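Asker: Dropping in structure_23.txt, which is compact mmCIF, C-alpha atoms:
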```
# COMPACT_ATOMS: atom_id res chain seq x y z
CA MET A 24 192.00 -32.41 -1.13
CA GLY A 25 193.42 -34.91 -3.50
CA ASP A 26 190.20 -35.40 -5.44
CA VAL A 27 190.90 -36.51 -9.01
CA VAL A 28 188.76 -35.70 -12.03
CA THR A 29 189.23 -37.82 -15.14
CA VAL A 30 188.69 -35.95 -18.42
CA PRO A 31 188.33 -37.22 -22.01
CA GLU A 32 191.65 -38.05 -23.66
CA THR A 33 190.87 -35.62 -26.51
CA TYR A 34 191.56 -32.74 -24.08
CA GLY A 35 195.26 -33.66 -23.98
CA LEU A 36 195.31 -34.06 -20.20
CA GLY A 37 195.36 -36.98 -17.84
CA PRO A 38 193.35 -36.93 -14.60
CA ILE A 39 193.21 -33.50 -12.93
CA GLU A 40 194.16 -33.62 -9.25
CA VAL A 41 193.13 -30.90 -6.80
CA LYS A 42 196.22 -30.08 -4.72
CA ALA A 43 194.93 -27.22 -2.56
CA ILE A 44 192.10 -24.76 -2.02
CA THR A 45 193.40 -21.55 -0.51
CA GLY A 46 192.47 -17.88 -0.53
CA GLY A 47 189.59 -18.27 -2.95
CA ALA A 48 191.59 -20.24 -5.50
CA VAL A 49 191.90 -23.88 -6.51
CA GLU A 50 195.34 -25.31 -7.29
CA MET A 51 195.29 -28.28 -9.66
CA VAL A 52 197.85 -30.40 -11.49
CA ALA A 53 197.41 -32.74 -14.44
CA PRO A 54 199.77 -34.85 -16.55
CA LEU A 55 199.97 -34.01 -20.24
CA THR A 56 199.03 -36.72 -22.69
CA GLY A 57 199.71 -34.72 -25.86
CA SER A 58 202.88 -33.19 -27.25
CA GLY A 59 202.11 -29.64 -26.07
CA TYR A 60 199.63 -27.58 -24.18
CA SER A 61 198.16 -24.11 -23.95
CA VAL A 62 196.32 -22.48 -21.06
CA SER A 63 194.43 -19.20 -21.02
CA GLY A 64 192.28 -17.67 -18.30
CA CYS A 65 193.97 -19.00 -15.16
CA SER A 66 197.41 -18.39 -13.79
CA GLY A 67 199.63 -21.38 -14.21
CA GLY A 68 201.80 -23.14 -16.65
CA GLY A 69 203.64 -26.30 -17.39
CA SER A 70 206.75 -28.08 -16.42
CA VAL A 71 205.55 -29.78 -13.29
CA SER A 72 206.73 -33.34 -13.08
CA SER A 73 204.03 -35.95 -12.92
CA GLU A 74 205.29 -39.49 -12.43
CA GLY A 75 208.20 -38.87 -14.76
CA GLY A 76 206.20 -37.11 -17.48
CA GLY A 77 205.35 -33.50 -18.16
CA GLY A 78 202.41 -31.86 -16.52
CA VAL A 79 200.56 -28.61 -16.07
CA ARG A 80 199.74 -26.71 -12.88
CA LEU A 81 196.71 -24.43 -12.72
CA ASN A 82 195.70 -21.92 -10.07
CA CYS A 83 192.14 -20.73 -10.74
CA ASP A 84 190.17 -18.17 -8.74
CA GLU A 85 186.46 -18.61 -8.03
CA GLY A 86 184.43 -17.53 -11.05
CA THR A 87 187.40 -17.89 -13.41
CA ALA A 88 187.24 -20.02 -16.53
CA ALA A 89 190.32 -21.46 -18.22
CA THR A 90 190.63 -22.83 -21.73
CA ILE A 91 193.13 -25.68 -21.95
CA ASN A 92 194.62 -26.89 -25.24
CA GLY A 93 191.88 -25.00 -27.07
CA ALA A 94 189.70 -28.06 -26.36
CA MET A 95 188.57 -27.95 -22.74
CA SER A 96 186.90 -25.30 -20.60
CA LEU A 97 187.41 -25.52 -16.83
CA LYS A 98 185.50 -23.10 -14.62
CA VAL A 99 185.61 -22.74 -10.84
CA ILE A 100 181.92 -22.24 -10.07
CA GLU A 101 182.13 -21.98 -6.29
CA ILE A 102 184.56 -22.52 -3.43
CA LEU A 103 183.16 -23.70 -0.10
CA ASP A 104 185.86 -23.92 2.59
CA THR A 105 187.67 -27.14 1.62
CA ALA A 106 185.54 -28.03 -1.42
CA ALA A 107 185.21 -26.57 -4.88
CA VAL A 108 182.62 -26.95 -7.63
CA LEU A 109 184.24 -27.25 -11.06
CA ARG A 110 182.57 -27.26 -14.47
CA ILE A 111 184.52 -29.07 -17.19
CA GLU A 112 183.17 -29.08 -20.72
CA PRO A 113 184.33 -28.82 -24.34
CA ALA A 114 185.72 -25.38 -25.18
CA GLY A 115 183.77 -23.18 -27.54
```
What is this file in structure tokens?
Answerer:
Amino acid sequence: MGDVVTVPETYGLGPIEVKAITGGAVEMVAPLTGSGYSVSGCSGGGSVSSEGGGGVRLNCDEGTAATINGAMSLKVIEILDTAAVLRIEPAG
């Protein structure tokens, strides 16, 4: 746990940190770098505090893809015990 994935600034998010892998889902948090955010496809939402700034918390099941800020696609490809394979790419 605690792995951090840095994503391009154009996605409106800071580094994504994996907080937990439980019950076939990956829980992640990321600070927001833009003025707003939108998430579709995974349960979750904003208003987590991240070092004094706003952030977003995501809880994504295996095989689920989320679109974040209309710019980034995040898919949980596979969960293996305490590890997860994520695919992050431009949305669209």
Asker: Skipping near chain neighbours, those fewer than 2 positions away, what residues fall within 12 Å of Thr33 in chain A using all atoms listed in the file, listed as a list in words?
Answerer: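 That gives Thr29, Val30, Pro31, Gly35, Leu36, Gly37, Leu55, Thr56, Gly57, Ile91, Asn92, Gly93, Ala94, Met95, Glu112, Pro113 and Ala114 of chain A.
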Asker: Work out how far apart CA of Thr87 in chain A and CA of Ala48 in chain A are and give it in Å to one decimal.
Answerer: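 Spanning CA of Thr87 in chain A to CA of Ala48 in chain A is a straight-line distance of 9.3 Å.
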Asker: With all atoms listed in the file counted, which protein, DNA or RNA residues have an atom no more than 10 Å from (186.2, -22.4, -10.4) in the file frame? Please answer as a PyMOL selection string.
Answerer: chain A and resi 47-49+65+82-89+97-102+107-111
Asker: What is the distance, in Å and to one decimal place, between CA of Val62 in chain A and CA of Leu81 in chain A?
Answerer: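 Computing it gives 8.6 Å between the two atoms.
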Asker: Looking at A:Asp26, A:Arg80, A:Tyr34, A:Ile44, which one is nearest to Ser58 in chain A, with distances taken over all atoms listed in the file?
Answerer: A:Tyr34
Asker: Which distance in Å separates CA of Val28 in chain A and CA of Val41 in chain A, to one decimal?
Answerer: 8.3 Å
Asker: Please determine, counting all atoms listed in the file, which residue among A:Gly115, A:Gly59, A:Ala106, A:Gly78 has the shortest atom-to-atom distance to Thr45 in chain A.
Answerer: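 Nearest candidate to Thr45 in chain A out of A:Gly115, A:Gly59, A:Ala106, A:Gly78: A:Ala106.
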Asker: Given only C-alpha atoms as the basis, pick out the residue of A:Asp104, A:Thr90, A:Gly64, A:Pro38 nearest to Met51 in chain A.
Answerer: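 The answer is A:Pro38, which sits nearest to Met51 in chain A.
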Asker: Please define a box with edges along x, y and z of the file around all atoms of range 77-80 of chain A given in the file, extend it by 3 Å on each side, and return its centre and edge lengths in Å to one decimal, as JSON.
Answerer:
```
{"center_x": 202.5, "center_y": -30.1, "center_z": -15.5, "size_x": 11.6, "size_y": 12.8, "size_z": 11.3}
```
Asker: Could you complete range 92-103 of chain A so that it carries all heavy atoms, and give it back as a JSON list (two decimals), keeping the file's coordinate frame?
Answerer:
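Below is the file rebuild02.json, written as the result:
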```json
[["chain", "number", "residue", "atom", "x", "y", "z"],
["A", 92, "ASN", "N", 194.36, -26.25, -23.94],
["A", 92, "ASN", "CA", 194.62, -26.89, -25.24],
["A", 92, "ASN", "C", 193.59, -26.52, -26.31],
["A", 92, "ASN", "O", 193.42, -27.24, -27.28],
["A", 92, "ASN", "CB", 194.71, -28.42, -25.10],
["A", 92, "ASN", "CG", 195.88, -28.84, -24.25],
["A", 92, "ASN", "OD1", 196.89, -28.16, -24.20],
["A", 92, "ASN", "ND2", 195.75, -29.96, -23.58],
["A", 93, "GLY", "N", 192.89, -25.41, -26.11],
["A", 93, "GLY", "CA", 191.88, -25.00, -27.07],
["A", 93, "GLY", "C", 190.72, -25.98, -27.16],
["A", 93, "GLY", "O", 189.86, -25.86, -28.03],
["A", 94, "ALA", "N", 190.68, -26.98, -26.26],
["A", 94, "ALA", "CA", 189.70, -28.06, -26.36],
["A", 94, "ALA", "C", 188.79, -28.17, -25.14],
["A", 94, "ALA", "O", 187.68, -28.66, -25.24],
["A", 94, "ALA", "CB", 190.42, -29.39, -26.58],
["A", 95, "MET", "N", 189.29, -27.73, -23.98],
["A", 95, "MET", "CA", 188.57, -27.95, -22.74],
["A", 95, "MET", "C", 188.38, -26.65, -22.00],
["A", 95, "MET", "O", 189.29, -25.83, -21.93],
["A", 95, "MET", "CB", 189.37, -28.91, -21.85],
["A", 95, "MET", "CG", 188.71, -29.24, -20.54],
["A", 95, "MET", "SD", 189.77, -30.28, -19.51],
["A", 95, "MET", "CE", 190.29, -29.09, -18.30],
["A", 96, "SER", "N", 187.18, -26.44, -21.46],
["A", 96, "SER", "CA", 186.90, -25.30, -20.60],
["A", 96, "SER", "C", 186.77, -25.81, -19.17],
["A", 96, "SER", "O", 186.05, -26.77, -18.92],
["A", 96, "SER", "CB", 185.60, -24.62, -21.04],
["A", 96, "SER", "OG", 185.21, -23.65, -20.09],
["A", 97, "LEU", "N", 187.48, -25.16, -18.25],
["A", 97, "LEU", "CA", 187.41, -25.52, -16.83],
["A", 97, "LEU", "C", 187.05, -24.25, -16.08],
["A", 97, "LEU", "O", 187.76, -23.25, -16.18],
["A", 97, "LEU", "CB", 188.75, -26.07, -16.35],
["A", 97, "LEU", "CG", 188.80, -26.55, -14.90],
["A", 97, "LEU", "CD1", 189.85, -27.63, -14.74],
["A", 97, "LEU", "CD2", 189.06, -25.43, -13.91],
["A", 98, "LYS", "N", 185.92, -24.27, -15.38],
["A", 98, "LYS", "CA", 185.50, -23.10, -14.62],
["A", 98, "LYS", "C", 185.32, -23.46, -13.16],
["A", 98, "LYS", "O", 184.75, -24.50, -12.84],
["A", 98, "LYS", "CB", 184.19, -22.53, -15.18],
["A", 98, "LYS", "CG", 183.74, -21.27, -14.46],
["A", 98, "LYS", "CD", 182.58, -20.59, -15.15],
["A", 98, "LYS", "CE", 182.27, -19.28, -14.44],
["A", 98, "LYS", "NZ", 181.17, -18.56, -15.08],
["A", 99, "VAL", "N", 185.83, -22.59, -12.28],
["A", 99, "VAL", "CA", 185.61, -22.74, -10.84],
["A", 99, "VAL", "C", 184.31, -22.03, -10.52],
["A", 99, "VAL", "O", 184.24, -20.80, -10.53],
["A", 99, "VAL", "CB", 186.78, -22.16, -10.03],
["A", 99, "VAL", "CG1", 186.50, -22.31, -8.54],
["A", 99, "VAL", "CG2", 188.09, -22.85, -10.40],
["A", 100, "ILE", "N", 183.25, -22.79, -10.31],
["A", 100, "ILE", "CA", 181.92, -22.24, -10.07],
["A", 100, "ILE", "C", 181.82, -21.65, -8.67],
["A", 100, "ILE", "O", 181.33, -20.55, -8.48],
["A", 100, "ILE", "CB", 180.83, -23.32, -10.26],
["A", 100, "ILE", "CG1", 180.90, -23.92, -11.67],
["A", 100, "ILE", "CG2", 179.44, -22.77, -9.95],
["A", 100, "ILE", "CD1", 180.62, -22.95, -12.79],
["A", 101, "GLU", "N", 182.29, -22.40, -7.67],
["A", 101, "GLU", "CA", 182.13, -21.98, -6.29],
["A", 101, "GLU", "C", 183.16, -22.67, -5.42],
["A", 101, "GLU", "O", 183.53, -23.81, -5.68],
["A", 101, "GLU", "CB", 180.71, -22.36, -5.82],
["A", 101, "GLU", "CG", 180.33, -21.82, -4.48],
["A", 101, "GLU", "CD", 178.86, -22.13, -4.13],
["A", 101, "GLU", "OE1", 178.25, -22.98, -4.79],
["A", 101, "GLU", "OE2", 178.37, -21.51, -3.18],
["A", 102, "ILE", "N", 183.65, -21.94, -4.42],
["A", 102, "ILE", "CA", 184.56, -22.52, -3.43],
["A", 102, "ILE", "C", 183.88, -22.46, -2.07],
["A", 102, "ILE", "O", 183.43, -21.40, -1.65],
["A", 102, "ILE", "CB", 185.91, -21.77, -3.42],
["A", 102, "ILE", "CG1", 186.61, -21.93, -4.77],
["A", 102, "ILE", "CG2", 186.79, -22.27, -2.28],
["A", 102, "ILE", "CD1", 187.88, -21.11, -4.91],
["A", 103, "LEU", "N", 183.79, -23.60, -1.41],
["A", 103, "LEU", "CA", 183.16, -23.70, -0.10],
["A", 103, "LEU", "C", 184.18, -24.30, 0.87],
["A", 103, "LEU", "O", 184.35, -25.51, 0.91],
["A", 103, "LEU", "CB", 181.93, -24.61, -0.16],
["A", 103, "LEU", "CG", 180.87, -24.25, -1.21],
["A", 103, "LEU", "CD1", 179.95, -25.42, -1.46],
["A", 103, "LEU", "CD2", 180.09, -23.04, -0.75]]
```
